[in-house]
Amino acid sequence: MTPRTLDDVLAAPSPAACAALLQGMTPDQRRQLGAEVLRRHKQFQAEDPTAESRSALMLRIEQGRALTLLCFLTLSPSEWTEQLLLGLPLEAGEVAAKLKLSGLDSAAERLIELTPRNYLVARALVREGVSRQPTHDNYTLGLLYDTRFDVNPLDEDPGVREHEVWRLFEVEGGGERSLAARDKYTPKEHSWTQVLLRHMRQGTLARGRLLDATLGALERDFAAFRAGWFSRFHEAMEPTPEELEQHRDRYLRLLGSSIPATVSLALEAVTTLHARRPLALDSALPALEPVVLARHKNTSLQAVKLLKSLGASAEGEEHERVSLALVLGFSHEAVDVQKAVLKALESLAKAPGDALRAAVAERLDGVAASLKPQVQAWLGHGEASAPTTKQPHSKPGATPASAPTAKHLQAQPGDDSAPSTAPAPATPASPTDARFAISPITTVDELLAALSSCIEDAGAPMAVERVLDGVARLGRQRPEDFARKSSALAQRAKKLGAKPYGEPLSFHLACLALAWLAPSGEARATLRQLPCETMKHEHDVFMRLFNERIQDIAVALDAGHDDGLLSMPTHEGGWIAPETLVDRLLARAPGAGEPSDADLGLALFRLAPLQEATTLSAKRFKEGPQGHALQVVAWVLHLSKTAPSMEKPLASIAARMRGDTPPTRYSYTVKARGEKPYIFREVFVTPESTPAHRARTASWDIPSQMTATNLGDVLKPYPRWIATLWPSGMEAYFASQAYALSFNLDWNSAVWGNVASYEQLLHPWLRMGPMARLVLAMGLSAKEPGEHGVSADATLAALDTGRLTAEELGETMRELRPTGLINLKRWAATLARVASTSDTHALQVALVLQRTLRKTEGPAPRDDGALMKLLLELLAQTGTRLTDTEAWDFIQGTSHRKTFAPLAPTSSAAPPPPPAAPRKTPRKAARRRPSDGP
């Protein structure tokens with residue numbers, strides 16, 4: 001067969017032309033042609049069709065399909081690849097059947113192994129008898145192609161209903177290839193659920209087999225998302241009581257599933273079955289025991305109800321077994337479940353026996369504080385078998401003599417004779433405490449290792465600061481084996497330096513390495529030869545300054561200077577001790593010249609507060625050369641009365657750090673956008689004085705940069721780095737972060753850098769201002785576990801060190817509570833974690849909640865109950881009562897007023913609402929007509 005014949009086919013490509021070409025060929029001839037087809041296919045793929053006309057492009061598409069079909073028909077299955085057969089025409093099966101080609105027995109299996117997208121061709125090969133039916137899971141998952149625009153295979157191919165469709169209940173799938181994923185994005189009328197139900201009603205799919213297959217899928221414990229489809233399909237089938245009875249044992253087994261939706265489905269079925277015919281205790285009790293501790297409260301409540309029903313009809317030993325199973329519910333985290341368990345036990349065992357008393361005593365520590373007195377009363381008013389705990393209030397308004405009161409943290413209003421007995425919080429740490437000190441790099445070997453590490457992972461800002469300073473001080477040193485030791489770093493840096501589109505921080509560190517390792521005097525020239533980086537606007541706050549610092553280091557290397565960086569932090573968090581900054585300026589070599597504005601400006605921003613006990617004095621500044629930078633620092637530290645001449649923005653920075661510029665205050669609003677059910681709320685922060693210009697400012701004018709730039713979807717290093725640029729201006733930092741954090745509380749898209757912003761709340765020197773409290777309150781409501789976990793830890797640390805008071809946090813939460821931005825249930829869960837640390841923290845969280853639960857404008861949020869339940873538990877746990885009269889005034893207007901009545905404060909700003917008038921006429925009598933008589 002000559003290439004001209006193949007060219008003739010490609011001149012007028014079609015499946016029929018391909019079949020005519022291969023008609024009558026021997027296997028050897030087909031193999032010979034296959035080599036030529038493969039060569040032409042590779043050549044075809046390498047060509048660029050962009051300049052061709054529309055008609056030429058259409059011809060090219062058909063030529064590509066023809067070449068793909070010929071590859072399929074002439075090459076052996078072992079030579080096929082997914083890319084080679086991409087776009088294989090659906091007529092491939094018909095052509096292969098018409099030609100009666102040999103060697104294709106495993107063709108369908110091979111096609112489906114490559115990708116489930118080959119299902120239709122594989123199915124055609126099976127249907128035409130060319131290939132045997134595949135056993136690969138992809139053959140089943142291939143059924144699940146997009147049916148929004150194509151006919152469902154159950155309707156188009158009756159043979160599918162005999163075998164393939166049943167495998168859908170056995171193969172879990174993943175990604176877009178699962179029943180759950182397909183139906184999620186398919187209109188209801190075209191969904192697999194409706195197609196299966198329609199065929200079931202038509203009799204083309206056996207109902208009994210369909211129910212059996214559905215239960216079989218649920219028994220396989222697929223992932224929750226995919227298992228949920230089978231639960232919903234089971235519900236849509238509406239099994240009759242007789243059908244449920246046929247599978248009684250299977251429903252009991254499904255109670256042990258790890259998927260909550262499956263457990264809920266099985267529990268509904270078991271409850272229905274029990275109502276028709278009581279469950280056998282030997283099989284029902286082991287199945288129901290784990291359900292009592294189900295994660296979802298309503299499932300646990302239903303299990304408790306069913307166990308109570310079982311116990312009511314049991315006698316003797318069986319009755320006790322049911323009671324002991326119910327006791328497990330005292331370990332459930334939901335108070336409502338524990339209450340239901342106690343109510344069930346009280347009805348089943350008026351006088352608990354020894355075994356039951358011992359079982360309850362084992363779990364008494366886990367019982368909610370508000371419920372523990374009732375449990376003890378049921379056991380026998382705290383007899384020896386139960387651990388001793390605080391007694392309940394004897395009457396509304398009374399406090400046990402032995403119980404601590406809220407005066408642990410806050411005295412009653414007007415009570416001057418009751419001082420607080422809570423331990424005084426620790427003093428916030430000094431940012432220049434010795435434990436936070438950073439040691440500089442001292443050897444070239446250490447510098448090589450540190451820079452190599454930072455290029456791969458620049459997540460620790462102080463580690464990279466040590467590298468910058470190390471290159472600036474040790475960059476001229478060249479030990480004898482320097483070339484050998486630095487060769488690996490040079491190769492890695494050269495590779496990363498050629499990729500400006502990569503991660504910006506790693507790219508710049510690679511540039512630094514190349515500048516350092518360049519021949520003497522060629523550092524700046526090396527940087528100029530490198531490509532410009534590609535950055536997002538989110539990187540602009542930090543990366544512009546970072547790049548300028550690298551340029552300064554390159555200038556110093558070429559000039560032979562080794563004075564290091566003024567802006568190198570001396571302590572964690574980015575702080576520079578004032579004494580050290582002065583020492584650096586005094587130690588600068590006479591020929592080094594003045595530091596760059598970027599280096600000096602950043603050093604000023606990083607200045608720590610001048611301590612009372614300091615070695616600095618005006619005399620120290622006269623010991624060395626009187627350079628301009630030294631004069632600026634002396635003026636900032638109030639050791640010089642004369643302000644040196646400075647250009648903007650250096651003058652602005654110096655005045656700010658000197659304290660002549662009042663700190664900027666910020667206000668915030670929460671705005672909603674969108675329509676139900678897709679309403680999004682965001683926090684917008686506004687400074688009290690907005691800069692007059694929005695032009696591109698100096699890279700080291702940090703306040704203006706933070707005001708003008710929104711930090712969006714970035715990786716963790718950037719929020720960490722930006723926090724070190726101006727450590728005394730953390731209010732501005734948190735104000736710049738608030739919008740992005742508020743938009744991502746519910747994780748509609750993953751922003752992994754957010755947790756690094758919340759980490760800044762952990763600094764032991766940070767005194768939390770309004771913006772820090774705003775971010776902390778949002779973090780306590782974040783959906784992502786890492787974010788709310790860090791925020792809970794920050795709350796604990798801040799309360800312990802006095803950097804935050806319960807009243808301050810509560811006031812911020814009160815402002816956010818009615819905005820709709822916050823998930824109040826998450827607040828309750830995270831604050832419960834904080835409160836569980838100790839009784840002191842429980843008292844503090846109780847005060848936070850009381851300040852939060854005050855009256856606000858507009859209707860109260862619907863999830864206030866979660867906060868009230870937590871407050872009730874904390875008051876019971878600590879044996880205290882409400883101390884915030886405004887919180888009590890608010891609670892009186894809710895359905896929780898009766899529960900809190902015994903814990904009311906001694907005085908209230910508002911009288912309680914009047915009791916409802918008694919009903920004069922019984923409900924049934926009111927419905928009678930006058931003629932009905934008495």
# chains A, B, ... in the order shown; residues from 1 in each chain; ligands from 1
>>> residues_around(residues="Ala303 of chain A", least_positions_apart="2", cutoff="8 Å", atoms="only C-alpha atoms", output="list in words")
Leu267, Leu288, Val291, Val292, Thr299, Ser300, Leu301, Lys305, Leu306 and Leu307 of chain A
>>> residues_around(residues="segment 151-162 of chain A", least_positions_apart="3", cutoff="12 Å", atoms="only C-alpha atoms", output="ChimeraX atom specification")
/A:119-120,123-124,126-128,133,139-140,142-148,165-168,182,186,189-200,202-206,209-210
>>> atom_distance(atom1="atom CA of Ala518 of chain A", atom2="atom CA of Ser439 of chain A")
26.7 Å
